[in-house]
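Student: Contents of target_0.csv (CSV, C-alpha atoms):
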chain,number,residue,atom,x,y,z
B,28,MET,CA,33.5,-16.1,-69.2
B,29,ASP,CA,30.3,-17.8,-68.2
B,30,LEU,CA,30.5,-18.0,-64.5
B,31,LYS,CA,27.5,-20.3,-64.2
B,32,GLN,CA,29.8,-23.1,-65.2
B,33,TRP,CA,31.3,-22.8,-61.7
B,34,ILE,CA,28.1,-22.6,-59.8
B,35,ARG,CA,26.7,-25.8,-58.6
B,36,ASP,CA,22.9,-26.2,-58.5
B,37,VAL,CA,21.9,-28.3,-55.4
B,38,PRO,CA,18.2,-29.2,-55.4
B,39,ASN,CA,16.3,-29.2,-52.1
B,40,PHE,CA,18.8,-27.3,-50.0
B,41,PRO,CA,18.4,-25.9,-47.4
B,42,VAL,CA,14.7,-26.9,-47.7
B,43,GLU,CA,12.6,-29.1,-50.1
B,44,GLY,CA,11.8,-27.3,-53.3
B,45,VAL,CA,14.7,-24.8,-53.3
B,46,ILE,CA,17.6,-24.9,-55.7
B,47,PHE,CA,20.7,-23.8,-53.8
B,48,ARG,CA,23.3,-21.9,-56.0
B,49,ASP,CA,26.5,-23.1,-54.5
B,50,ILE,CA,29.4,-20.7,-55.3
B,51,THR,CA,32.2,-22.8,-53.7
B,52,PRO,CA,33.4,-24.3,-57.1
B,53,LEU,CA,33.8,-20.7,-58.3
B,54,LEU,CA,35.8,-19.7,-55.3
B,55,GLN,CA,37.9,-22.8,-55.6
B,56,ASP,CA,39.0,-21.9,-59.2
B,57,PRO,CA,41.5,-19.1,-59.2
B,58,LYS,CA,40.6,-17.9,-62.7
B,59,ALA,CA,36.9,-17.8,-62.0
B,60,PHE,CA,37.3,-16.2,-58.6
B,61,ARG,CA,39.6,-13.5,-60.0
B,62,TYR,CA,37.3,-12.9,-63.0
B,63,ALA,CA,34.3,-12.4,-60.7
B,64,LEU,CA,36.3,-10.0,-58.5
B,65,ASP,CA,37.5,-8.1,-61.6
B,66,GLU,CA,33.9,-7.6,-62.8
B,67,LEU,CA,32.7,-6.6,-59.3
B,68,GLU,CA,35.7,-4.2,-59.0
B,69,LYS,CA,34.7,-2.6,-62.3
B,70,TYR,CA,31.3,-1.8,-60.9
B,71,CYS,CA,32.9,-0.4,-57.7
B,72,ARG,CA,35.2,1.8,-59.7
B,73,THR,CA,32.1,3.6,-61.1
B,74,LYS,CA,31.4,4.8,-57.5
B,75,GLU,CA,33.1,6.9,-54.9
B,76,ILE,CA,33.5,4.6,-51.9
B,77,ASP,CA,34.9,5.1,-48.5
B,78,VAL,CA,33.9,1.8,-46.9
B,79,ILE,CA,32.6,-1.6,-47.9
B,80,VAL,CA,30.1,-3.2,-45.6
B,81,ALA,CA,29.9,-7.0,-46.0
B,82,ILE,CA,27.3,-9.4,-44.8
B,83,GLU,CA,28.2,-12.5,-42.8
B,84,ALA,CA,29.5,-14.9,-43.8
B,85,ARG,CA,29.9,-15.5,-47.6
B,86,GLY,CA,29.7,-11.8,-48.3
B,87,TYR,CA,33.1,-11.4,-46.6
B,88,ILE,CA,34.7,-13.6,-49.2
B,89,LEU,CA,33.9,-11.1,-52.0
B,90,ALA,CA,33.9,-7.9,-50.0
B,91,ALA,CA,37.3,-8.3,-48.4
B,92,PRO,CA,39.3,-8.6,-51.7
B,93,LEU,CA,37.3,-5.7,-53.1
B,94,ALA,CA,38.1,-3.5,-50.1
B,95,ASP,CA,41.8,-4.6,-50.5
B,96,ARG,CA,41.8,-3.7,-54.3
B,97,LEU,CA,40.0,-0.4,-53.8
B,98,GLY,CA,42.1,0.6,-50.7
B,99,VAL,CA,39.0,1.3,-48.6
B,100,GLY,CA,37.8,0.2,-45.1
B,101,PHE,CA,36.0,-3.1,-44.4
B,102,VAL,CA,33.1,-3.3,-42.0
B,103,PRO,CA,31.4,-6.6,-41.2
B,104,ALA,CA,27.6,-6.8,-40.6
B,105,ARG,CA,27.4,-9.7,-38.2
B,106,LYS,CA,24.8,-12.1,-36.8
B,107,PRO,CA,23.6,-11.3,-33.3
B,108,GLY,CA,26.0,-11.9,-30.4
B,109,LYS,CA,29.2,-11.8,-32.4
B,110,LEU,CA,30.3,-8.2,-32.1
B,111,PRO,CA,31.9,-7.3,-28.8
B,112,TRP,CA,31.4,-3.5,-28.7
B,113,ASP,CA,28.5,-1.0,-28.7
B,114,ARG,CA,26.3,-2.1,-31.5
B,115,ILE,CA,23.0,-1.4,-33.3
B,116,ARG,CA,20.7,-4.1,-34.6
B,117,GLU,CA,18.1,-4.4,-37.4
B,118,GLU,CA,15.7,-7.3,-37.8
B,119,TYR,CA,14.4,-8.7,-41.0
B,120,GLN,CA,11.9,-11.3,-42.1
B,121,LEU,CA,12.8,-14.8,-43.1
B,122,GLU,CA,10.4,-17.2,-44.8
B,123,TYR,CA,9.6,-18.5,-41.3
B,124,GLY,CA,10.3,-16.1,-38.4
B,125,MET,CA,12.8,-13.3,-38.0
B,126,ALA,CA,16.6,-12.8,-38.2
B,127,ALA,CA,18.8,-9.9,-37.3
B,128,LEU,CA,22.1,-8.3,-38.2
B,129,GLU,CA,24.3,-6.1,-36.0
B,130,MET,CA,27.0,-3.5,-36.7
B,131,HIS,CA,29.3,-1.7,-34.3
B,132,ALA,CA,28.0,1.8,-33.5
B,133,ASP,CA,31.4,3.3,-34.5
B,134,ALA,CA,31.7,1.3,-37.7
B,135,ILE,CA,30.7,4.1,-40.0
B,136,LYS,CA,31.4,7.8,-39.7
B,137,PRO,CA,28.6,10.2,-40.6
B,138,GLY,CA,28.8,11.1,-44.3
B,139,GLN,CA,31.0,8.1,-45.3
B,140,LYS,CA,30.1,6.6,-48.7
B,141,VAL,CA,29.2,3.0,-48.3
B,142,LEU,CA,29.0,0.1,-50.7
B,143,ILE,CA,27.1,-3.0,-49.4
B,144,VAL,CA,28.3,-6.4,-50.6
B,145,ASP,CA,26.8,-9.9,-50.3
B,146,ASP,CA,27.2,-13.1,-52.3
B,147,VAL,CA,23.5,-13.7,-53.2
B,148,ILE,CA,20.4,-11.5,-53.3
B,149,ALA,CA,17.2,-13.5,-52.7
B,150,THR,CA,14.3,-11.5,-51.2
B,151,GLY,CA,16.6,-8.6,-50.3
B,152,GLY,CA,15.9,-8.8,-46.6
B,153,THR,CA,19.5,-8.9,-45.4
B,154,LEU,CA,20.6,-6.2,-47.8
B,155,SER,CA,17.7,-3.9,-46.7
B,156,ALA,CA,18.5,-4.5,-43.0
B,157,THR,CA,22.2,-3.7,-43.7
B,158,LYS,CA,21.2,-0.5,-45.5
B,159,ARG,CA,19.1,0.6,-42.5
B,160,LEU,CA,22.1,-0.1,-40.2
B,161,VAL,CA,24.4,2.0,-42.3
B,162,GLU,CA,21.9,4.9,-42.6
B,163,ARG,CA,21.2,4.9,-38.8
B,164,LEU,CA,25.0,5.5,-38.4
B,165,GLY,CA,24.8,8.4,-40.9
B,166,GLY,CA,26.5,6.6,-43.8
B,167,GLN,CA,25.4,7.2,-47.3
B,168,VAL,CA,24.7,4.0,-49.3
B,169,VAL,CA,26.1,4.5,-52.8
B,170,GLY,CA,25.2,1.1,-54.0
B,171,PHE,CA,24.9,-2.7,-53.6
B,172,ALA,CA,26.9,-5.4,-55.3
B,173,CYS,CA,26.1,-9.1,-55.3
B,174,LEU,CA,27.7,-12.0,-57.2
B,175,VAL,CA,24.3,-13.8,-57.8
B,176,GLU,CA,20.8,-12.5,-58.1
B,177,LEU,CA,17.7,-14.7,-57.8
B,178,THR,CA,15.6,-12.5,-60.1
B,179,PHE,CA,12.4,-14.4,-59.5
B,180,LEU,CA,12.4,-13.3,-55.9
B,181,ASN,CA,12.6,-9.7,-56.9
B,182,GLY,CA,14.8,-8.6,-54.0
B,183,ARG,CA,16.0,-5.7,-56.1
B,184,ARG,CA,12.6,-4.1,-55.6
B,185,THR,CA,13.3,-3.7,-51.9
B,186,LEU,CA,16.3,-1.5,-52.8
B,187,GLU,CA,14.4,0.9,-55.0
B,188,GLY,CA,16.0,4.3,-55.4
B,189,TYR,CA,19.5,2.7,-54.8
B,190,ASP,CA,22.0,1.5,-57.3
B,191,PHE,CA,22.2,-2.2,-57.5
B,192,PHE,CA,24.6,-4.5,-59.4
B,193,SER,CA,24.7,-8.3,-59.8
B,194,LEU,CA,27.1,-10.3,-61.9
B,195,ILE,CA,25.1,-13.5,-62.4
B,196,GLN,CA,21.3,-13.8,-62.7
B,197,TYR,CA,18.9,-16.8,-62.3
Y,14,MET,CA,53.5,-0.2,-37.9
Y,15,ASP,CA,52.2,-1.3,-34.5
Y,16,LEU,CA,49.0,-3.0,-35.4
Y,17,LYS,CA,47.9,-3.3,-31.8
Y,18,GLN,CA,46.9,0.3,-32.1
Y,19,TRP,CA,44.0,-0.9,-34.2
Y,20,ILE,CA,43.0,-3.8,-32.0
Y,21,ARG,CA,40.4,-3.0,-29.4
Y,22,ASP,CA,40.5,-4.9,-26.1
Y,23,VAL,CA,37.1,-5.7,-24.8
Y,24,PRO,CA,37.0,-7.1,-21.3
Y,25,ASN,CA,34.6,-9.8,-20.3
Y,26,PHE,CA,33.5,-10.8,-23.8
Y,27,PRO,CA,32.2,-13.3,-24.8
Y,28,VAL,CA,32.4,-14.5,-21.1
Y,29,GLU,CA,33.5,-13.0,-17.8
Y,30,GLY,CA,37.3,-12.9,-17.3
Y,31,VAL,CA,38.2,-13.0,-21.0
Y,32,ILE,CA,39.7,-10.1,-22.9
Y,33,PHE,CA,38.4,-10.1,-26.4
Y,34,ARG,CA,40.8,-8.8,-29.1
Y,35,ASP,CA,38.5,-7.0,-31.5
Y,36,ILE,CA,40.0,-6.6,-35.0
Y,37,THR,CA,37.2,-4.5,-36.5
Y,38,PRO,CA,39.0,-1.2,-36.0
Y,39,LEU,CA,42.0,-2.7,-38.0
Y,40,LEU,CA,39.7,-3.9,-40.8
Y,41,GLN,CA,38.0,-0.5,-40.9
Y,42,ASP,CA,41.3,1.4,-41.4
Y,43,PRO,CA,42.5,0.9,-45.0
Y,44,LYS,CA,46.1,1.5,-44.2
Y,45,ALA,CA,46.2,-0.9,-41.3
Y,46,PHE,CA,44.1,-3.6,-43.2
Y,47,ARG,CA,46.5,-3.4,-46.2
Y,48,TYR,CA,49.6,-3.5,-44.0
Y,49,ALA,CA,48.3,-6.6,-42.3
Y,50,LEU,CA,47.6,-8.2,-45.6
Y,51,ASP,CA,51.0,-7.2,-46.9
Y,52,GLU,CA,52.7,-8.9,-44.0
Y,53,LEU,CA,50.6,-12.0,-44.2
Y,54,GLU,CA,51.2,-12.1,-48.0
Y,55,LYS,CA,55.0,-12.0,-47.3
Y,56,TYR,CA,54.7,-15.2,-45.2
Y,57,CYS,CA,52.5,-16.8,-47.9
Y,58,ARG,CA,55.2,-16.1,-50.6
Y,59,THR,CA,57.7,-18.2,-48.7
Y,60,LYS,CA,55.5,-21.2,-49.4
Y,61,GLU,CA,54.3,-23.0,-52.5
Y,62,ILE,CA,50.5,-22.8,-52.2
Y,63,ASP,CA,47.6,-24.2,-54.4
Y,64,VAL,CA,44.7,-23.4,-52.1
Y,65,ILE,CA,43.9,-21.3,-49.1
Y,66,VAL,CA,41.5,-22.8,-46.7
Y,67,ALA,CA,39.7,-20.3,-44.5
Y,68,ILE,CA,37.8,-20.7,-41.2
Y,69,GLU,CA,34.3,-19.2,-40.8
Y,70,ALA,CA,33.6,-16.3,-40.4
Y,71,ARG,CA,36.4,-13.8,-39.7
Y,72,GLY,CA,39.1,-16.0,-41.3
Y,73,TYR,CA,37.4,-15.3,-44.6
Y,74,ILE,CA,38.2,-11.6,-44.3
Y,75,LEU,CA,41.9,-12.2,-44.3
Y,76,ALA,CA,42.0,-15.4,-46.4
Y,77,ALA,CA,40.0,-14.1,-49.4
Y,78,PRO,CA,42.3,-11.1,-50.2
Y,79,LEU,CA,45.3,-13.4,-49.7
Y,80,ALA,CA,43.9,-15.9,-52.2
Y,81,ASP,CA,43.2,-13.0,-54.6
Y,82,ARG,CA,46.7,-11.6,-54.2
Y,83,LEU,CA,48.4,-15.0,-54.7
Y,84,GLY,CA,46.1,-16.2,-57.5
Y,85,VAL,CA,45.1,-19.4,-55.7
Y,86,GLY,CA,41.8,-21.1,-54.9
Y,87,PHE,CA,39.7,-20.3,-51.9
Y,88,VAL,CA,38.0,-23.0,-49.8
Y,89,PRO,CA,35.8,-22.2,-46.9
Y,90,ALA,CA,35.7,-24.4,-43.8
Y,91,ARG,CA,32.1,-23.9,-42.5
Y,92,LYS,CA,30.0,-24.4,-39.4
Y,93,PRO,CA,27.7,-27.4,-39.6
Y,94,GLY,CA,24.7,-27.3,-41.9
Y,95,LYS,CA,25.9,-24.5,-44.1
Y,96,LEU,CA,27.6,-26.5,-47.0
Y,97,PRO,CA,25.0,-27.9,-49.4
Y,98,TRP,CA,27.0,-30.7,-51.1
Y,99,ASP,CA,28.8,-33.9,-50.0
Y,100,ARG,CA,30.9,-33.0,-47.0
Y,101,ILE,CA,33.2,-34.2,-44.2
Y,102,ARG,CA,33.2,-33.1,-40.6
Y,103,GLU,CA,35.6,-32.8,-37.8
Y,104,GLU,CA,34.7,-32.0,-34.2
Y,105,TYR,CA,36.8,-30.2,-31.7
Y,106,GLN,CA,36.6,-29.2,-28.1
Y,107,LEU,CA,35.4,-25.9,-26.8
Y,108,GLU,CA,35.8,-24.7,-23.2
Y,109,TYR,CA,32.3,-26.1,-22.6
Y,110,GLY,CA,31.2,-28.9,-25.0
Y,111,MET,CA,32.0,-29.6,-28.6
Y,112,ALA,CA,31.9,-27.7,-31.9
Y,113,ALA,CA,32.5,-28.9,-35.5
Y,114,LEU,CA,33.6,-27.7,-38.9
Y,115,GLU,CA,32.7,-29.1,-42.3
Y,116,MET,CA,34.3,-29.0,-45.7
Y,117,HIS,CA,33.0,-30.1,-49.1
Y,118,ALA,CA,34.4,-33.5,-50.0
Y,119,ASP,CA,35.6,-32.2,-53.4
Y,120,ALA,CA,37.1,-29.0,-52.0
Y,121,ILE,CA,40.7,-30.2,-52.1
Y,122,LYS,CA,42.4,-32.4,-54.7
Y,123,PRO,CA,44.8,-35.0,-53.4
Y,124,GLY,CA,48.3,-33.6,-53.3
Y,125,GLN,CA,47.3,-30.0,-53.3
Y,126,LYS,CA,49.4,-27.7,-51.1
Y,127,VAL,CA,47.1,-25.9,-48.6
Y,128,LEU,CA,47.6,-22.9,-46.4
Y,129,ILE,CA,45.1,-22.6,-43.5
Y,130,VAL,CA,44.1,-19.1,-42.4
Y,131,ASP,CA,42.2,-17.7,-39.5
Y,132,ASP,CA,42.0,-14.4,-37.7
Y,133,VAL,CA,42.9,-15.5,-34.2
Y,134,ILE,CA,44.6,-18.6,-32.8
Y,135,ALA,CA,43.5,-19.4,-29.2
Y,136,THR,CA,43.7,-23.0,-28.1
Y,137,GLY,CA,44.3,-24.2,-31.7
Y,138,GLY,CA,41.2,-26.4,-31.7
Y,139,THR,CA,39.6,-24.9,-34.9
Y,140,LEU,CA,42.9,-24.9,-36.8
Y,141,SER,CA,43.6,-28.5,-35.8
Y,142,ALA,CA,40.2,-29.6,-36.9
Y,143,THR,CA,40.7,-27.8,-40.2
Y,144,LYS,CA,44.0,-29.5,-40.7
Y,145,ARG,CA,42.4,-32.9,-40.2
Y,146,LEU,CA,39.7,-32.0,-42.8
Y,147,VAL,CA,42.4,-31.1,-45.3
Y,148,GLU,CA,44.4,-34.2,-44.7
Y,149,ARG,CA,41.4,-36.5,-44.9
Y,150,LEU,CA,40.9,-35.1,-48.4
Y,151,GLY,CA,44.6,-35.8,-49.3
Y,152,GLY,CA,45.7,-32.2,-49.1
Y,153,GLN,CA,49.2,-31.3,-47.9
Y,154,VAL,CA,49.1,-28.6,-45.2
Y,155,VAL,CA,52.1,-26.4,-45.9
Y,156,GLY,CA,51.4,-23.9,-43.1
Y,157,PHE,CA,49.0,-21.9,-40.9
Y,158,ALA,CA,48.7,-18.1,-40.9
Y,159,CYS,CA,46.8,-16.0,-38.3
Y,160,LEU,CA,46.6,-12.3,-37.6
Y,161,VAL,CA,46.5,-12.6,-33.8
Y,162,GLU,CA,48.0,-15.2,-31.5
Y,163,LEU,CA,47.0,-15.6,-27.9
Y,164,THR,CA,50.4,-17.1,-26.9
Y,165,PHE,CA,49.3,-17.8,-23.2
Y,166,LEU,CA,46.9,-20.4,-24.6
Y,167,ASN,CA,49.7,-22.2,-26.4
Y,168,GLY,CA,47.6,-23.2,-29.4
Y,169,ARG,CA,50.7,-23.4,-31.5
Y,170,ARG,CA,51.7,-26.5,-29.6
Y,171,THR,CA,48.7,-28.4,-31.2
Y,172,LEU,CA,50.2,-27.7,-34.6
Y,173,GLU,CA,53.6,-29.2,-33.8
Y,174,GLY,CA,55.5,-30.3,-36.9
Y,175,TYR,CA,53.8,-27.7,-39.0
Y,176,ASP,CA,54.8,-24.2,-40.0
Y,177,PHE,CA,52.9,-21.5,-38.2
Y,178,PHE,CA,52.9,-17.7,-38.6
Y,179,SER,CA,51.2,-15.0,-36.6
Y,180,LEU,CA,51.5,-11.3,-37.1
Y,181,ILE,CA,50.4,-10.0,-33.6
Y,182,GLN,CA,51.0,-11.7,-30.3
Y,183,TYR,CA,49.4,-11.3,-26.9
When written as structure tokens, how does the structure in this file appear?

Tutor:
Amino acid sequence: MDLKQWIRDVPNFPVEGVIFRDITPLLQDPKAFRYALDELEKYCRTKEIDVIVAIEARGYILAAPLADRLGVGFVPARKPGKLPWDRIREEYQLEYGMAALEMHADAIKPGQKVLIVDDVIATGGTLSATKRLVERLGGQVVGFACLVELTFLNGRRTLEGYDFFSLIQY
Amino acid sequence: MDLKQWIRDVPNFPVEGVIFRDITPLLQDPKAFRYALDELEKYCRTKEIDVIVAIEARGYILAAPLADRLGVGFVPARKPGKLPWDRIREEYQLEYGMAALEMHADAIKPGQKVLIVDDVIATGGTLSATKRLVERLGGQVVGFACLVELTFLNGRRTLEGYDFFSLIQY
């Protein structure tokens, strides 16, 4: 199944010169959505996983069904100011300026095996920041899974030494 | 299973005087998360559903596994500026000021049966705005499902004439 059929290329979004890979047509189509989850699940099944950590917001759409299918816990990494309890924060570079992600300090128990999930890997900044959050809490990152990889941005390089899987490459 | 065991009450978040019902401990526990999804799925199975519309961001965590389980499409209602394609917008009142949600103009086909899902219903503003988005696109709202209902805010009243289900009430 060629999932690129269900990905819409939107030129000049969010900024001039960028082609945005819009996954909403894929999510909207039950067959394509399920097929994508099946393939991501196959990757997950090659790992021992206790917890899936998902990156706000589109990462949740893939990570939550995977956690359900695998019967493992779900932990959200959130944008600053959203989590109500004791939390830790990691910053990362955007094209212009900085951004940050937060996780509850009790979200991961030391030694837990963690898979990190997002919809798209671009430069790898958000995935790397999430990895640092997990490791600060004593979690062991066993891999990363993304639906779409923008290979020309070489984000995978920032995750060197870790296992990384993407289903669709541009 | 008393799911309130897995909901953390955080006083004075996000503002003084409010008790925030934090669902992250529930999501983190595979048994509690699955049980909550099982119960929400039971409600969904009483309806004929073509599409689940989910509200950003925590709504995605419940709605995506439900769409997966039911084999129906998933459509995100998003905060302004996130969706890249032709979109429609509805505003709604917050305690102070206004907020808005957007949906892609091609997200729903006329006549499709739509269930709207969010994590928490408070005043009902976001659910009502999402209902208006769906109906402007010709969708038929067959119901609303939330994990947590803050009954003292009476948000259910704003959805009068529609079917509404919540799993946990405060």

Student: Could the residues of chain Y that have an atom at most 6 Å from chain B be listed as CSV, each with its closest atom pair and the distance in Å to one decimal, counting all atoms listed in the file and ordered by chain and ascending residue number?

Tutor:
residue,atom,partner,partner_atom,distance
Y:Leu40,CA,B:Phe101,CA,5.2
Y:Gln41,CA,B:Gly100,CA,4.3
Y:Asp42,CA,B:Gly100,CA,5.2
Y:Pro43,CA,B:Gly100,CA,4.8
Y:Ala70,CA,B:Ala84,CA,5.5
Y:Tyr73,CA,B:Ile88,CA,5.6
Y:Ile74,CA,B:Ala91,CA,5.3
Y:Ala77,CA,B:Ile88,CA,5.3
Y:Pro78,CA,B:Pro92,CA,4.2
Y:Gly84,CA,B:Pro57,CA,5.7
Y:Val85,CA,B:Pro57,CA,5.0
Y:Gly86,CA,B:Gln55,CA,4.3
Y:Phe87,CA,B:Gln55,CA,4.8
Y:Val88,CA,B:Gln55,CA,5.8

Student: Counting only C-alpha atoms, which residue out of B:Arg163, B:Lys69, B:Lys106, B:Arg183 sits closest to Gln196 in chain B?

Tutor: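 Ranked by minimum distance to Gln196 in chain B, first place goes to B:Arg183.
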
Student: Work out how far apart CA of Ile76 in chain B and CA of Val141 in chain B are and give it in Å to one decimal.

Tutor: 5.8 Å

Student: How many Å lie between CA of Leu194 in chain B and CA of Ile82 in chain B, rounded to one decimal?

Tutor: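 Interatomic distance here is 17.1 Å.
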
Student: Report, in Å with one decimal, the straight-line distance from CA of Ala113 in chain Y to CA of Thr143 in chain Y.

Tutor: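 Distance reported for this atom pair: 9.5 Å.
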
Student: May I have the residues within 8 Å of Leu30 in chain B as a compact mmCIF listing (two decimals) with C-alpha atoms, in the frame of the given file, using only C-alpha atoms and disregarding those fewer than 2 positions away in the same chain?

Tutor:
# COMPACT_ATOMS: atom_id res chain seq x y z
CA MET B 28 33.50 -16.10 -69.20
CA GLN B 32 29.80 -23.10 -65.20
CA TRP B 33 31.30 -22.80 -61.70
CA ILE B 34 28.10 -22.60 -59.80
CA LEU B 53 33.80 -20.70 -58.30
CA ALA B 59 36.90 -17.80 -62.00
CA ALA B 63 34.30 -12.40 -60.70
CA ILE B 195 25.10 -13.50 -62.40

Student: Box time for range 40-50 of chain B: axis-aligned, enclosing all its listed atoms, 5 Å extra on each side; report centre and edge lengths in Å to one decimal, as JSON.

Tutor:
{"center_x": 20.6, "center_y": -24.9, "center_z": -51.7, "size_x": 27.6, "size_y": 18.4, "size_z": 18.6}

Student: Write out as a PDB file with C-alpha atoms, in the frame of the given file the residues lying within 12 Å of Gly156 in chain Y, counting all atoms listed in the file and excluding same-chain residues fewer than 2 positions away.

Tutor:
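selection_8.pdb, written as the output of this step:
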ATOM      1  CA  LEU Y  53      50.600 -12.000 -44.200  1.00  0.00           C
ATOM      2  CA  TYR Y  56      54.700 -15.200 -45.200  1.00  0.00           C
ATOM      3  CA  CYS Y  57      52.500 -16.800 -47.900  1.00  0.00           C
ATOM      4  CA  ARG Y  58      55.200 -16.100 -50.600  1.00  0.00           C
ATOM      5  CA  THR Y  59      57.700 -18.200 -48.700  1.00  0.00           C
ATOM      6  CA  LYS Y  60      55.500 -21.200 -49.400  1.00  0.00           C
ATOM      7  CA  GLU Y  61      54.300 -23.000 -52.500  1.00  0.00           C
ATOM      8  CA  ILE Y  62      50.500 -22.800 -52.200  1.00  0.00           C
ATOM      9  CA  ASP Y  63      47.600 -24.200 -54.400  1.00  0.00           C
ATOM     10  CA  VAL Y  64      44.700 -23.400 -52.100  1.00  0.00           C
ATOM     11  CA  ILE Y  65      43.900 -21.300 -49.100  1.00  0.00           C
ATOM     12  CA  VAL Y  66      41.500 -22.800 -46.700  1.00  0.00           C
ATOM     13  CA  LYS Y 126      49.400 -27.700 -51.100  1.00  0.00           C
ATOM     14  CA  VAL Y 127      47.100 -25.900 -48.600  1.00  0.00           C
ATOM     15  CA  LEU Y 128      47.600 -22.900 -46.400  1.00  0.00           C
ATOM     16  CA  ILE Y 129      45.100 -22.600 -43.500  1.00  0.00           C
ATOM     17  CA  VAL Y 130      44.100 -19.100 -42.400  1.00  0.00           C
ATOM     18  CA  ASP Y 131      42.200 -17.700 -39.500  1.00  0.00           C
ATOM     19  CA  LEU Y 140      42.900 -24.900 -36.800  1.00  0.00           C
ATOM     20  CA  SER Y 141      43.600 -28.500 -35.800  1.00  0.00           C
ATOM     21  CA  THR Y 143      40.700 -27.800 -40.200  1.00  0.00           C
ATOM     22  CA  LYS Y 144      44.000 -29.500 -40.700  1.00  0.00           C
ATOM     23  CA  VAL Y 147      42.400 -31.100 -45.300  1.00  0.00           C
ATOM     24  CA  GLY Y 152      45.700 -32.200 -49.100  1.00  0.00           C
ATOM     25  CA  GLN Y 153      49.200 -31.300 -47.900  1.00  0.00           C
ATOM     26  CA  VAL Y 154      49.100 -28.600 -45.200  1.00  0.00           C
ATOM     27  CA  ALA Y 158      48.700 -18.100 -40.900  1.00  0.00           C
ATOM     28  CA  CYS Y 159      46.800 -16.000 -38.300  1.00  0.00           C
ATOM     29  CA  ARG Y 169      50.700 -23.400 -31.500  1.00  0.00           C
ATOM     30  CA  LEU Y 172      50.200 -27.700 -34.600  1.00  0.00           C
ATOM     31  CA  GLU Y 173      53.600 -29.200 -33.800  1.00  0.00           C
ATOM     32  CA  GLY Y 174      55.500 -30.300 -36.900  1.00  0.00           C
ATOM     33  CA  TYR Y 175      53.800 -27.700 -39.000  1.00  0.00           C
ATOM     34  CA  ASP Y 176      54.800 -24.200 -40.000  1.00  0.00           C
ATOM     35  CA  PHE Y 177      52.900 -21.500 -38.200  1.00  0.00           C
ATOM     36  CA  PHE Y 178      52.900 -17.700 -38.600  1.00  0.00           C
ATOM     37  CA  SER Y 179      51.200 -15.000 -36.600  1.00  0.00           C
TER      38      SER Y 179
END

Student: Quick one: everything within 7 Å of Ile134 in chain Y, counting only C-alpha atoms, minus sequence neighbours fewer than 3 positions away in the same chain. Send it as a count of residues only.

Tutor: 6

Student: Out of Y:Gly151, Y:Leu146, Y:Leu166, Y:Thr139, which residue has the shortest atom-to-atom distance to Tyr105 in chain Y when counting only C-alpha atoms?

Tutor: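 The answer is Y:Thr139, which sits nearest to Tyr105 in chain Y.
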
Student: Kindly write range 105-113 of chain Y with N, CA, C and O atoms to a file, as a PDB file, in the first residue's frame.

Tutor:
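Result file result.pdb:
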ATOM      1  N   TYR Y 105     -15.224  30.286  20.212  1.00  0.00           N
ATOM      2  CA  TYR Y 105     -16.021  30.005  21.410  1.00  0.00           C
ATOM      3  C   TYR Y 105     -15.440  30.793  22.573  1.00  0.00           C
ATOM      4  O   TYR Y 105     -14.288  31.219  22.556  1.00  0.00           O
ATOM      5  N   GLN Y 106     -16.282  30.942  23.569  1.00  0.00           N
ATOM      6  CA  GLN Y 106     -15.950  31.787  24.718  1.00  0.00           C
ATOM      7  C   GLN Y 106     -15.117  31.015  25.735  1.00  0.00           C
ATOM      8  O   GLN Y 106     -15.422  29.878  26.079  1.00  0.00           O
ATOM      9  N   LEU Y 107     -14.068  31.641  26.210  1.00  0.00           N
ATOM     10  CA  LEU Y 107     -13.356  31.149  27.384  1.00  0.00           C
ATOM     11  C   LEU Y 107     -13.747  32.021  28.565  1.00  0.00           C
ATOM     12  O   LEU Y 107     -14.458  33.012  28.407  1.00  0.00           O
ATOM     13  N   GLU Y 108     -13.248  31.650  29.753  1.00  0.00           N
ATOM     14  CA  GLU Y 108     -13.558  32.456  30.939  1.00  0.00           C
ATOM     15  C   GLU Y 108     -13.164  33.916  30.680  1.00  0.00           C
ATOM     16  O   GLU Y 108     -13.911  34.835  30.971  1.00  0.00           O
ATOM     17  N   TYR Y 109     -11.955  34.086  30.108  1.00  0.00           N
ATOM     18  CA  TYR Y 109     -11.528  35.431  29.702  1.00  0.00           C
ATOM     19  C   TYR Y 109     -11.207  35.370  28.225  1.00  0.00           C
ATOM     20  O   TYR Y 109     -10.283  34.656  27.831  1.00  0.00           O
ATOM     21  N   GLY Y 110     -11.973  36.077  27.412  1.00  0.00           N
ATOM     22  CA  GLY Y 110     -11.670  36.170  25.989  1.00  0.00           C
ATOM     23  C   GLY Y 110     -12.220  35.011  25.170  1.00  0.00           C
ATOM     24  O   GLY Y 110     -13.068  34.256  25.632  1.00  0.00           O
ATOM     25  N   MET Y 111     -11.704  34.893  23.934  1.00  0.00           N
ATOM     26  CA  MET Y 111     -12.223  33.919  22.975  1.00  0.00           C
ATOM     27  C   MET Y 111     -11.119  32.954  22.557  1.00  0.00           C
ATOM     28  O   MET Y 111      -9.940  33.274  22.611  1.00  0.00           O
ATOM     29  N   ALA Y 112     -11.560  31.782  22.109  1.00  0.00           N
ATOM     30  CA  ALA Y 112     -10.636  30.833  21.501  1.00  0.00           C
ATOM     31  C   ALA Y 112     -11.298  30.339  20.224  1.00  0.00           C
ATOM     32  O   ALA Y 112     -12.465  30.665  19.954  1.00  0.00           O
ATOM     33  N   ALA Y 113     -10.579  29.566  19.419  1.00  0.00           N
ATOM     34  CA  ALA Y 113     -11.160  29.075  18.177  1.00  0.00           C
ATOM     35  C   ALA Y 113     -10.609  27.696  17.847  1.00  0.00           C
ATOM     36  O   ALA Y 113      -9.533  27.306  18.317  1.00  0.00           O
TER      37      ALA Y 113
END
